[in-house]
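Okay, coords16.txt is below, compact mmCIF, C-alpha atoms and all ligand atoms:
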# COMPACT_ATOMS: atom_id res chain seq x y z
CA MET I 8 0.00 0.00 0.00
CA LYS I 9 1.08 3.53 -0.65
CA PHE I 10 0.62 6.14 2.05
CA LYS I 11 0.38 9.88 1.66
CA ARG I 12 -0.17 13.04 3.62
CA ILE I 13 -3.85 13.78 3.55
CA SER I 14 -3.26 17.49 2.99
CA ARG I 15 -0.64 20.21 2.87
CA ASN I 16 -2.02 21.69 6.08
CA SER I 17 -1.57 18.61 8.29
CA GLY I 18 0.91 15.85 8.99
CA LEU I 19 -1.71 13.10 8.97
CA LYS I 20 -0.85 10.17 6.71
CA VAL I 21 -3.43 7.84 5.18
CA SER I 22 -3.52 4.90 2.78
CA ALA I 23 -3.95 5.72 -0.91
CA ILE I 24 -7.47 4.30 -0.75
CA SER I 25 -10.04 4.40 2.00
CA LEU I 26 -12.61 1.78 2.93
CA GLY I 27 -16.13 3.18 3.37
CA MET I 28 -19.06 1.77 5.31
CA TRP I 29 -22.14 3.31 3.69
CA HIS I 30 -22.72 -0.06 2.02
CA LEU I 31 -21.40 -3.28 3.60
CA PRO I 32 -21.37 -6.95 2.61
CA ARG I 33 -24.95 -8.18 2.85
CA LEU I 34 -26.88 -11.41 3.28
CA PRO I 35 -29.75 -12.16 0.90
CA GLU I 36 -32.32 -11.79 3.73
CA LYS I 37 -33.98 -8.51 4.59
CA ASP I 38 -35.34 -7.41 7.97
CA GLU I 39 -38.84 -6.06 8.69
CA ALA I 40 -37.80 -2.53 7.58
CA GLY I 41 -36.60 -3.81 4.20
CA ALA I 42 -32.92 -3.46 5.09
CA TYR I 43 -30.53 -6.17 3.96
CA LYS I 44 -29.03 -8.01 6.92
CA ILE I 45 -25.29 -7.41 7.14
CA ASP I 46 -22.96 -10.32 6.50
CA VAL I 47 -20.77 -9.70 9.56
CA ASP I 48 -18.48 -12.65 8.79
CA GLU I 49 -17.65 -11.16 5.39
CA VAL I 50 -17.22 -7.70 6.99
CA ARG I 51 -14.69 -9.29 9.33
CA ARG I 52 -12.83 -10.88 6.39
CA VAL I 53 -12.84 -7.55 4.53
CA PHE I 54 -11.44 -5.63 7.50
CA ARG I 55 -8.81 -8.26 8.21
CA TYR I 56 -7.64 -8.13 4.60
CA ALA I 57 -7.80 -4.33 4.46
CA TYR I 58 -5.72 -3.95 7.62
CA ASP I 59 -3.19 -6.58 6.58
CA HIS I 60 -2.76 -4.83 3.22
CA GLY I 61 -2.33 -1.35 4.65
CA VAL I 62 -5.81 0.08 4.04
CA ILE I 63 -5.80 1.97 7.32
CA PHE I 64 -8.15 4.79 6.35
CA ILE I 65 -11.76 3.93 7.30
CA ASP I 66 -14.77 6.08 6.48
CA THR I 67 -18.14 5.89 8.21
CA ALA I 68 -20.90 8.23 9.40
CA ASN I 69 -23.25 8.34 12.36
CA ARG I 70 -26.22 7.64 10.07
CA TYR I 71 -24.83 4.71 8.08
CA HIS I 72 -26.38 1.28 8.34
CA GLY I 73 -24.67 -0.68 5.57
CA GLY I 74 -27.66 -2.41 3.99
CA ILE I 75 -30.23 0.29 3.29
CA SER I 76 -30.25 3.81 1.90
CA PRO I 77 -31.85 6.20 2.78
CA VAL I 78 -31.48 4.95 6.36
CA PRO I 79 -34.58 4.97 8.61
CA LEU I 80 -34.12 6.24 12.19
CA THR I 81 -34.48 2.68 13.48
CA HIS I 82 -31.28 1.71 11.62
CA VAL I 83 -28.93 4.68 12.06
CA GLY I 84 -25.65 4.06 13.85
CA TYR I 85 -25.37 0.38 12.90
CA ALA I 86 -22.27 0.73 10.71
CA GLU I 87 -20.40 2.49 13.54
CA LYS I 88 -21.38 -0.33 15.90
CA ILE I 89 -20.09 -2.94 13.47
CA LEU I 90 -16.83 -1.04 13.10
CA GLY I 91 -16.28 -1.01 16.87
CA LYS I 92 -17.13 -4.70 17.12
CA VAL I 93 -14.86 -5.73 14.26
CA ILE I 94 -11.87 -3.70 15.51
CA LYS I 95 -12.21 -5.39 18.91
CA GLU I 96 -12.82 -8.91 17.61
CA LEU I 97 -9.94 -8.79 15.13
CA GLY I 98 -7.67 -7.14 17.68
CA LEU I 99 -6.72 -4.37 15.24
CA ASP I 100 -4.37 -1.73 16.57
CA ARG I 101 -6.54 1.35 16.87
CA GLU I 102 -3.50 3.65 16.71
CA GLU I 103 -2.65 2.29 13.26
CA LEU I 104 -6.10 3.19 11.95
CA VAL I 105 -7.31 6.56 10.72
CA ILE I 106 -11.03 6.56 11.44
CA ALA I 107 -13.36 9.17 10.01
CA THR I 108 -17.01 9.66 10.88
CA LYS I 109 -19.60 12.36 10.21
CA VAL I 110 -22.27 14.42 11.89
CA ARG I 111 -25.23 16.42 10.55
CA GLY I 112 -27.89 13.92 9.45
CA ARG I 113 -31.03 13.21 11.44
CA MET I 114 -30.47 10.86 14.38
CA SER I 115 -33.69 11.41 16.35
CA THR I 116 -37.07 13.01 15.80
CA GLY I 117 -36.70 16.13 18.00
CA PRO I 118 -35.85 19.65 16.80
CA ASN I 119 -32.20 19.11 17.78
CA GLY I 120 -32.06 15.61 16.35
CA GLU I 121 -29.97 16.78 13.37
CA GLY I 122 -27.73 19.65 12.28
CA LEU I 123 -24.42 21.31 13.02
CA SER I 124 -25.41 23.10 16.24
CA ARG I 125 -23.23 22.89 19.33
CA LYS I 126 -25.94 20.88 21.06
CA HIS I 127 -26.28 18.30 18.31
CA ILE I 128 -22.55 17.91 17.64
CA MET I 129 -21.67 17.57 21.34
CA TRP I 130 -24.32 14.86 21.67
CA GLN I 131 -23.38 12.97 18.53
CA ILE I 132 -19.63 12.84 19.05
CA ARG I 133 -20.23 11.01 22.34
CA GLU I 134 -22.74 8.70 20.68
CA SER I 135 -20.39 7.90 17.79
CA LEU I 136 -17.51 7.17 20.17
CA ARG I 137 -19.77 4.93 22.25
CA ARG I 138 -20.99 3.00 19.20
CA MET I 139 -17.44 2.55 17.87
CA GLN I 140 -16.00 1.83 21.35
CA LEU I 141 -13.32 4.47 20.77
CA ASP I 142 -11.83 7.34 22.80
CA TYR I 143 -11.40 9.63 19.81
CA VAL I 144 -11.99 9.85 16.07
CA ASP I 145 -9.24 10.89 13.71
CA ILE I 146 -11.40 12.92 11.33
CA TYR I 147 -14.79 14.41 12.15
CA TYR I 148 -16.71 15.70 9.13
CA ALA I 149 -19.66 18.01 8.82
CA HIS I 150 -21.64 15.65 6.55
CA TRP I 151 -23.45 18.40 4.65
CA TYR I 152 -24.49 22.01 5.05
CA ASP I 153 -26.81 23.20 7.83
CA PRO I 154 -28.36 26.57 6.96
CA ASP I 155 -29.91 26.86 10.48
CA THR I 156 -26.64 27.05 12.41
CA PRO I 157 -24.24 30.02 12.35
CA LYS I 158 -20.90 28.89 10.92
CA GLU I 159 -19.05 30.36 13.90
CA GLU I 160 -20.99 28.02 16.24
CA THR I 161 -20.07 24.93 14.21
CA MET I 162 -16.41 25.86 13.84
CA SER I 163 -15.94 26.80 17.50
CA THR I 164 -17.56 23.49 18.49
CA PHE I 165 -15.28 21.49 16.19
CA ASN I 166 -12.31 23.42 17.60
CA ASP I 167 -13.43 22.51 21.13
CA LEU I 168 -13.68 18.83 20.20
CA VAL I 169 -10.03 18.85 19.12
CA ARG I 170 -9.04 20.63 22.35
CA MET I 171 -11.05 18.07 24.36
CA GLY I 172 -9.13 15.25 22.68
CA LEU I 173 -12.25 13.70 21.15
CA VAL I 174 -11.32 14.55 17.56
CA ARG I 175 -7.94 14.89 15.86
CA TYR I 176 -8.78 16.64 12.56
CA ILE I 177 -11.71 18.47 11.03
CA GLY I 178 -13.30 17.72 7.64
CA MET I 179 -16.16 19.07 5.55
CA SER I 180 -18.34 17.15 3.12
CA ASN I 181 -20.80 18.19 0.42
CA ILE I 182 -20.73 21.87 1.48
CA PRO I 183 -21.24 24.31 -1.41
CA GLY I 184 -18.01 26.14 -2.33
CA TYR I 185 -19.18 29.56 -1.20
CA HIS I 186 -20.06 28.34 2.31
CA LEU I 187 -16.94 26.21 2.49
CA VAL I 188 -14.69 29.26 2.02
CA GLU I 189 -16.57 31.02 4.83
CA TYR I 190 -15.91 28.09 7.20
CA VAL I 191 -12.22 28.10 6.23
CA LYS I 192 -11.98 31.84 6.82
CA ILE I 193 -13.65 31.65 10.25
CA ALA I 194 -11.10 29.05 11.34
CA GLU I 195 -8.24 31.21 10.02
CA GLU I 196 -9.46 34.44 11.59
CA ARG I 197 -10.31 32.98 15.00
CA GLY I 198 -7.22 30.78 15.20
CA TYR I 199 -9.36 27.61 15.27
CA GLU I 200 -8.17 24.23 14.06
CA PRO I 201 -8.11 24.27 10.24
CA ILE I 202 -10.25 22.15 7.95
CA VAL I 203 -7.85 19.48 6.76
CA VAL I 204 -9.85 17.30 4.39
CA LEU I 205 -12.83 17.64 2.10
CA GLN I 206 -15.17 14.81 1.12
CA TYR I 207 -17.14 15.09 -2.13
CA LYS I 208 -18.33 12.85 -4.92
CA TYR I 209 -15.78 12.41 -7.73
CA ASN I 210 -15.57 9.86 -10.49
CA LEU I 211 -14.92 9.83 -14.20
CA MET I 212 -18.51 10.73 -14.92
CA GLU I 213 -19.27 13.15 -12.10
CA ARG I 214 -16.69 15.91 -12.04
CA ASP I 215 -18.54 18.94 -10.68
CA ILE I 216 -15.95 19.51 -7.94
CA GLU I 217 -13.37 20.44 -10.57
CA ARG I 218 -15.19 23.77 -10.99
CA ASP I 219 -14.89 25.11 -7.44
CA ILE I 220 -14.09 22.59 -4.69
CA ILE I 221 -10.74 21.44 -6.11
CA PRO I 222 -9.53 25.03 -6.62
CA ILE I 223 -10.58 25.79 -3.01
CA ALA I 224 -8.67 22.72 -1.79
CA GLN I 225 -5.60 23.88 -3.74
CA ARG I 226 -5.82 27.43 -2.41
CA PHE I 227 -6.14 26.44 1.27
CA GLY I 228 -3.94 23.32 1.34
CA MET I 229 -6.73 20.82 2.01
CA GLY I 230 -6.81 17.24 0.71
CA LEU I 231 -9.69 15.41 -0.95
CA ALA I 232 -11.21 12.12 0.13
CA VAL I 233 -13.52 11.43 -2.78
CA TYR I 234 -16.55 9.17 -2.62
CA SER I 235 -18.24 6.96 -5.20
CA PRO I 236 -15.10 6.58 -7.36
CA LEU I 237 -16.84 3.65 -9.11
CA ALA I 238 -20.08 5.65 -9.42
CA GLY I 239 -21.60 3.19 -6.95
CA GLY I 240 -20.48 0.18 -9.03
CA PHE I 241 -21.73 1.55 -12.34
CA LEU I 242 -18.19 1.97 -13.69
CA THR I 243 -17.28 -1.64 -12.90
CA GLY I 244 -19.21 -2.65 -16.02
CA LYS I 245 -21.24 -5.30 -14.21
CA TYR I 246 -24.51 -3.73 -15.25
CA VAL I 247 -23.82 -4.16 -18.98
CA ASP I 248 -24.49 -7.16 -21.16
CA LEU I 249 -21.78 -6.46 -23.73
CA LYS I 250 -23.10 -8.92 -26.30
CA GLU I 251 -26.67 -7.68 -26.22
CA ARG I 252 -25.61 -4.06 -25.51
CA LYS I 253 -28.22 -3.69 -22.81
CA TRP I 254 -28.48 -3.19 -19.04
CA VAL I 255 -28.51 -6.16 -16.65
CA ILE I 256 -29.02 -6.08 -12.89
CA PRO I 257 -27.07 -8.76 -11.01
CA GLU I 258 -28.69 -10.24 -7.92
CA LEU I 259 -27.98 -8.44 -4.62
CA SER I 260 -26.18 -5.59 -6.41
CA ARG I 261 -26.80 -1.98 -5.37
CA ALA I 262 -29.18 -1.48 -8.25
CA THR I 263 -31.56 -4.03 -6.71
CA TYR I 264 -32.22 -1.87 -3.65
CA MET I 265 -31.41 1.75 -4.53
CA GLU I 266 -33.94 3.17 -6.91
CA SER I 267 -32.17 6.55 -7.10
CA PHE I 268 -29.02 4.80 -8.34
CA VAL I 269 -30.81 3.19 -11.29
CA LYS I 270 -32.62 6.40 -12.21
CA ARG I 271 -29.39 8.37 -12.17
CA TYR I 272 -27.09 6.17 -14.19
CA PHE I 273 -29.02 3.79 -16.41
CA THR I 274 -29.52 5.99 -19.46
CA LYS I 275 -29.09 5.25 -23.16
CA GLU I 276 -26.14 7.69 -23.52
CA ASN I 277 -24.36 6.17 -20.53
CA LEU I 278 -24.67 2.68 -21.99
CA GLU I 279 -22.64 3.70 -25.05
CA LEU I 280 -20.10 5.53 -22.92
CA LEU I 281 -19.71 2.64 -20.53
CA ILE I 282 -19.14 0.15 -23.34
CA GLU I 283 -16.32 2.36 -24.67
CA PHE I 284 -14.89 2.61 -21.16
CA ILE I 285 -14.98 -1.17 -20.66
CA GLU I 286 -13.24 -1.71 -23.99
CA PHE I 287 -10.54 0.83 -23.14
CA ALA I 288 -9.92 -0.94 -19.80
CA LYS I 289 -9.63 -4.29 -21.62
CA GLY I 290 -7.05 -2.80 -23.97
CA LYS I 291 -4.98 -1.70 -21.00
CA GLY I 292 -5.19 -5.13 -19.37
CA VAL I 293 -7.07 -3.93 -16.28
CA THR I 294 -10.65 -4.27 -15.09
CA PRO I 295 -13.06 -1.35 -15.49
CA ALA I 296 -13.23 -1.04 -11.67
CA GLN I 297 -9.44 -0.74 -11.51
CA LEU I 298 -9.37 1.80 -14.31
CA ALA I 299 -12.07 3.91 -12.63
CA LEU I 300 -10.16 3.91 -9.35
CA ALA I 301 -6.83 4.54 -11.02
CA TRP I 302 -8.36 7.54 -12.80
CA THR I 303 -9.28 9.25 -9.50
CA ILE I 304 -5.86 8.51 -8.04
CA ASN I 305 -4.01 9.69 -11.17
CA MET I 306 -6.00 12.94 -11.25
CA GLU I 307 -3.88 13.97 -8.29
CA LYS I 308 -1.08 14.63 -10.82
CA VAL I 309 -3.39 16.92 -12.78
CA TRP I 310 -4.68 18.92 -9.80
CA ASN I 311 -1.71 18.74 -7.50
CA VAL I 312 -3.83 18.06 -4.41
CA PRO I 313 -3.99 14.76 -2.52
CA ILE I 314 -6.91 12.68 -3.82
CA ILE I 315 -7.89 9.56 -1.88
CA PRO I 316 -10.80 7.52 -3.27
CA ILE I 317 -13.21 6.02 -0.73
CA ILE I 318 -14.72 2.75 -1.89
CA SER I 319 -17.35 0.39 -0.50
CA VAL I 320 -17.22 -3.36 -1.06
CA SER I 321 -19.90 -6.01 -0.81
CA LYS I 322 -17.40 -8.88 -0.98
CA LEU I 323 -13.73 -9.46 -0.31
CA GLY I 324 -12.88 -9.95 -4.00
CA GLN I 325 -13.91 -6.34 -4.71
CA LEU I 326 -11.43 -5.08 -2.14
CA GLU I 327 -8.62 -7.22 -3.61
CA GLU I 328 -9.38 -5.76 -7.03
CA ALA I 329 -9.37 -2.22 -5.66
CA ILE I 330 -6.08 -2.59 -3.82
CA SER I 331 -4.33 -3.75 -6.97
CA ALA I 332 -5.46 -0.53 -8.71
CA VAL I 333 -3.36 1.65 -6.45
CA ASP I 334 -0.19 1.13 -8.50
CA ILE I 335 -1.70 1.68 -11.96
CA GLU I 336 0.00 4.61 -13.69
CA LEU I 337 -2.04 6.31 -16.39
CA SER I 338 -0.18 8.27 -19.08
CA SER I 339 -1.19 11.76 -20.14
CA ASP I 340 -2.62 10.18 -23.33
CA ASP I 341 -4.75 7.81 -21.23
CA LEU I 342 -6.01 10.72 -19.14
CA LYS I 343 -6.75 12.72 -22.28
CA TYR I 344 -8.73 9.85 -23.78
CA LEU I 345 -10.73 9.36 -20.58
CA ASP I 346 -11.30 13.09 -20.31
CA GLU I 347 -12.85 13.16 -23.79
CA LEU I 348 -14.92 10.10 -22.99
CA SER I 349 -16.25 11.56 -19.75
CA LYS I 350 -17.37 14.71 -21.56
CA LYS I 351 -20.00 12.58 -23.21
CA ALA I 352 -21.64 11.91 -19.82
CA ARG I 353 -25.04 13.53 -19.71
CA PHE I 354 -25.28 14.37 -16.00
CA GLY I 355 -23.45 16.40 -13.33
CA ALA I 356 -22.61 15.46 -9.75
N1 LIG B 401 -19.96 12.13 2.35
C1 LIG B 401 -20.97 11.60 1.74
O1 LIG B 401 -22.06 12.19 1.63
C2 LIG B 401 -20.83 10.24 1.13
C3 LIG B 401 -21.76 9.81 0.16
C4 LIG B 401 -21.57 8.54 -0.40
C5 LIG B 401 -20.51 7.74 0.00
N2 LIG B 401 -19.64 8.19 0.96
C6 LIG B 401 -18.52 7.32 1.42
O2 LIG B 401 -17.85 6.80 0.30
C7 LIG B 401 -17.87 5.37 0.32
C8 LIG B 401 -17.92 4.87 -1.09
O3 LIG B 401 -19.07 5.30 -1.79
P1 LIG B 401 -19.77 4.33 -2.80
O4 LIG B 401 -20.18 3.11 -2.07
O5 LIG B 401 -20.78 5.06 -3.57
O6 LIG B 401 -18.50 3.98 -3.73
P2 LIG B 401 -18.19 3.17 -5.01
O7 LIG B 401 -16.85 2.58 -4.73
O8 LIG B 401 -18.36 4.04 -6.19
O9 LIG B 401 -19.28 1.98 -5.12
C9 LIG B 401 -19.11 0.84 -4.35
C10 LIG B 401 -20.05 -0.29 -4.79
O10 LIG B 401 -19.69 -0.76 -6.07
C11 LIG B 401 -19.78 -2.19 -6.10
N3 LIG B 401 -18.43 -2.69 -6.38
C12 LIG B 401 -17.26 -2.35 -5.78
N4 LIG B 401 -16.21 -2.98 -6.34
C13 LIG B 401 -16.72 -3.74 -7.32
C14 LIG B 401 -16.13 -4.62 -8.25
N5 LIG B 401 -14.82 -4.83 -8.30
N6 LIG B 401 -16.96 -5.27 -9.13
C15 LIG B 401 -18.28 -5.08 -9.11
N7 LIG B 401 -18.90 -4.25 -8.24
C16 LIG B 401 -18.12 -3.58 -7.34
C17 LIG B 401 -20.30 -2.62 -4.74
O11 LIG B 401 -21.72 -2.66 -4.79
P3 LIG B 401 -22.58 -3.99 -4.97
O12 LIG B 401 -23.44 -4.04 -3.77
O13 LIG B 401 -23.37 -3.73 -6.22
O14 LIG B 401 -21.65 -5.16 -5.09
C18 LIG B 401 -19.90 -1.46 -3.85
O15 LIG B 401 -20.72 -1.30 -2.72
C19 LIG B 401 -19.07 5.02 1.20
O16 LIG B 401 -18.96 3.75 1.81
C20 LIG B 401 -19.01 6.12 2.23
O17 LIG B 401 -18.05 5.80 3.23
C21 LIG B 401 -19.79 9.42 1.51
Rewrite the coordinates I just gave you, this time as structure tokens.
Amino acid sequence: MKFKRISRNSGLKVSAISLGMWHLPRLPEKDEAGAYKIDVDEVRRVFRYAYDHGVIFIDTANRYHGGISPVPLTHVGYAEKILGKVIKELGLDREELVIATKVRGRMSTGPNGEGLSRKHIMWQIRESLRRMQLDYVDIYYAHWYDPDTPKEETMSTFNDLVRMGLVRYIGMSNIPGYHLVEYVKIAEERGYEPIVVLQYKYNLMERDIERDIIPIAQRFGMGLAVYSPLAGGFLTGKYVDLKERKWVIPELSRATYMESFVKRYFTKENLELLIEFIEFAKGKGVTPAQLALAWTINMEKVWNVPIIPIISVSKLGQLEEAISAVDIELSSDDLKYLDELSKKARFGA
């Protein structure tokens, strides 16, 4: 595994890929709420393999369950609990891991059951630590923007969490560029802990962050942990019947339980684009999943900011495939070809 500094404005080092927990290995059975039951044995195998192969950067959120999305209130917090359990059971060295979690989403029905207020954050950091059986988290993200809370309140609370030893570094996710700069400036002006890492969607087909978020990251020395590098599995090519040139939906795949995913990606234009992408990957002797991951990693050379893709896996084999993509070097001609190809995509992030 390769390791890198997560940003210019911190000394924190992470693996070149991160393992996310929004979706986890699942069993075929569903519970009464329609959530897939989690295959905890496979989760254990995945974490063992990840740790043994240097994937030390783990991404979760207080709301994640692992087998359903959107997550009902009855199921929030489950992924954090599994993480705590697996770290303990496998005897992983917590100090070797870089664990990120997030706050902002709804966790209870009351008026303060969500958001980036001092009250909500102070409650949720304790809850996350309890669920994960940890004393501190390495990175604490604001999961998305909260228009109801003054930015000063959120940033001073995050700063306090670092001072209290509950959090090591601060991150921001999905925050519009304009608001993001305001948060950065508040930290600078008040002498608060800086925002070190940004988490946004980025893959070959969804490149909106190139317009504003990447330039902001460059300007302020922040790194990028980018999610959905495989466009949720779409770029792996498994949804295409190449012979018949039509969509297929494999059993238990994400498309079987996330309607929004199918609506977003399964278009006529994307079918043509994906077939070209799969053929290009074949020509290079790699799988489409590896090429998609390698593209995000190689874009670091273009933007000159750290870019760390966060993946999810539903089986161990997917993780093995992802890890072997870390060393794939794409030439400037490859990047140019993929750039042209991605311009044919008909949707933004
Ligand atoms: N900050 C945020 O708002 C936010 C939002 C989304 C995600 N995230 C984070 O980013 C992580 C990754 O996001 P994502 O799950 O959308 O990422 P992704 O890597 O684009 O998609 C992962 C999915 O693709 C499929 N897959 C993976 N490798 C494969 C392979 N080799 N062959 C075939 N299928 C493969 C699996 O789904 P199947 O079930 O179909 O096998 C897997 O769950 C999440 O776990 C979470 O930690 C953060």
Kindly assemble as a Markdown table a list of the stretch 48-116 of chain I residues that lie within 12 Å of stretch 171-174 of chain I, each paired with its nearest atom pair and their distance in Å to one decimal, using all atoms listed in the file, sorted first by chain and then by ascending residue number.
| residue | atom | partner | partner_atom | distance |
| --- | --- | --- | --- | --- |
| I:Val105 | CA | I:Val174 | CA | 11.3 |
| I:Ile106 | CA | I:Val174 | CA | 10.1 |
| I:Ala107 | CA | I:Val174 | CA | 9.5 |
| I:Thr108 | CA | I:Val174 | CA | 10.0 |
| I:Lys109 | CA | I:Val174 | CA | 11.3 |
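Contacts with ligand LIG 401 (chain B) are defined as any residue atom within 6 Å of a ligand atom, using only C-alpha atoms and all ligand atoms; the residues meeting this criterion are Gly27, Met28, Trp29, His30, Asp66, Thr67, His150, Ser180, Gln206, Tyr234, Ser235, Pro236, Leu237, Ala238, Gly239, Gly240, Thr243, Lys245, Ser260, Arg261, Ala296, Ile317, Ile318, Ser319, Val320, Ser321, Gln325 and Glu328 of chain I.
Comparing I:Leu31, I:Ile285, I:Ala68, I:Leu141 by their smallest distance to I:Met114, the closest is I:Ala68 (using only C-alpha atoms).
Between I:Pro316 and the residues I:Val255, I:Ala224, I:Ala23, I:Leu187, the shortest atom-to-atom distance, using only C-alpha atoms, involves I:Ala23.
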| field | Gap from atom CA of I:Val110 to atom CA of I:Gly61 - Å, one decimal | value | 26.4 Å
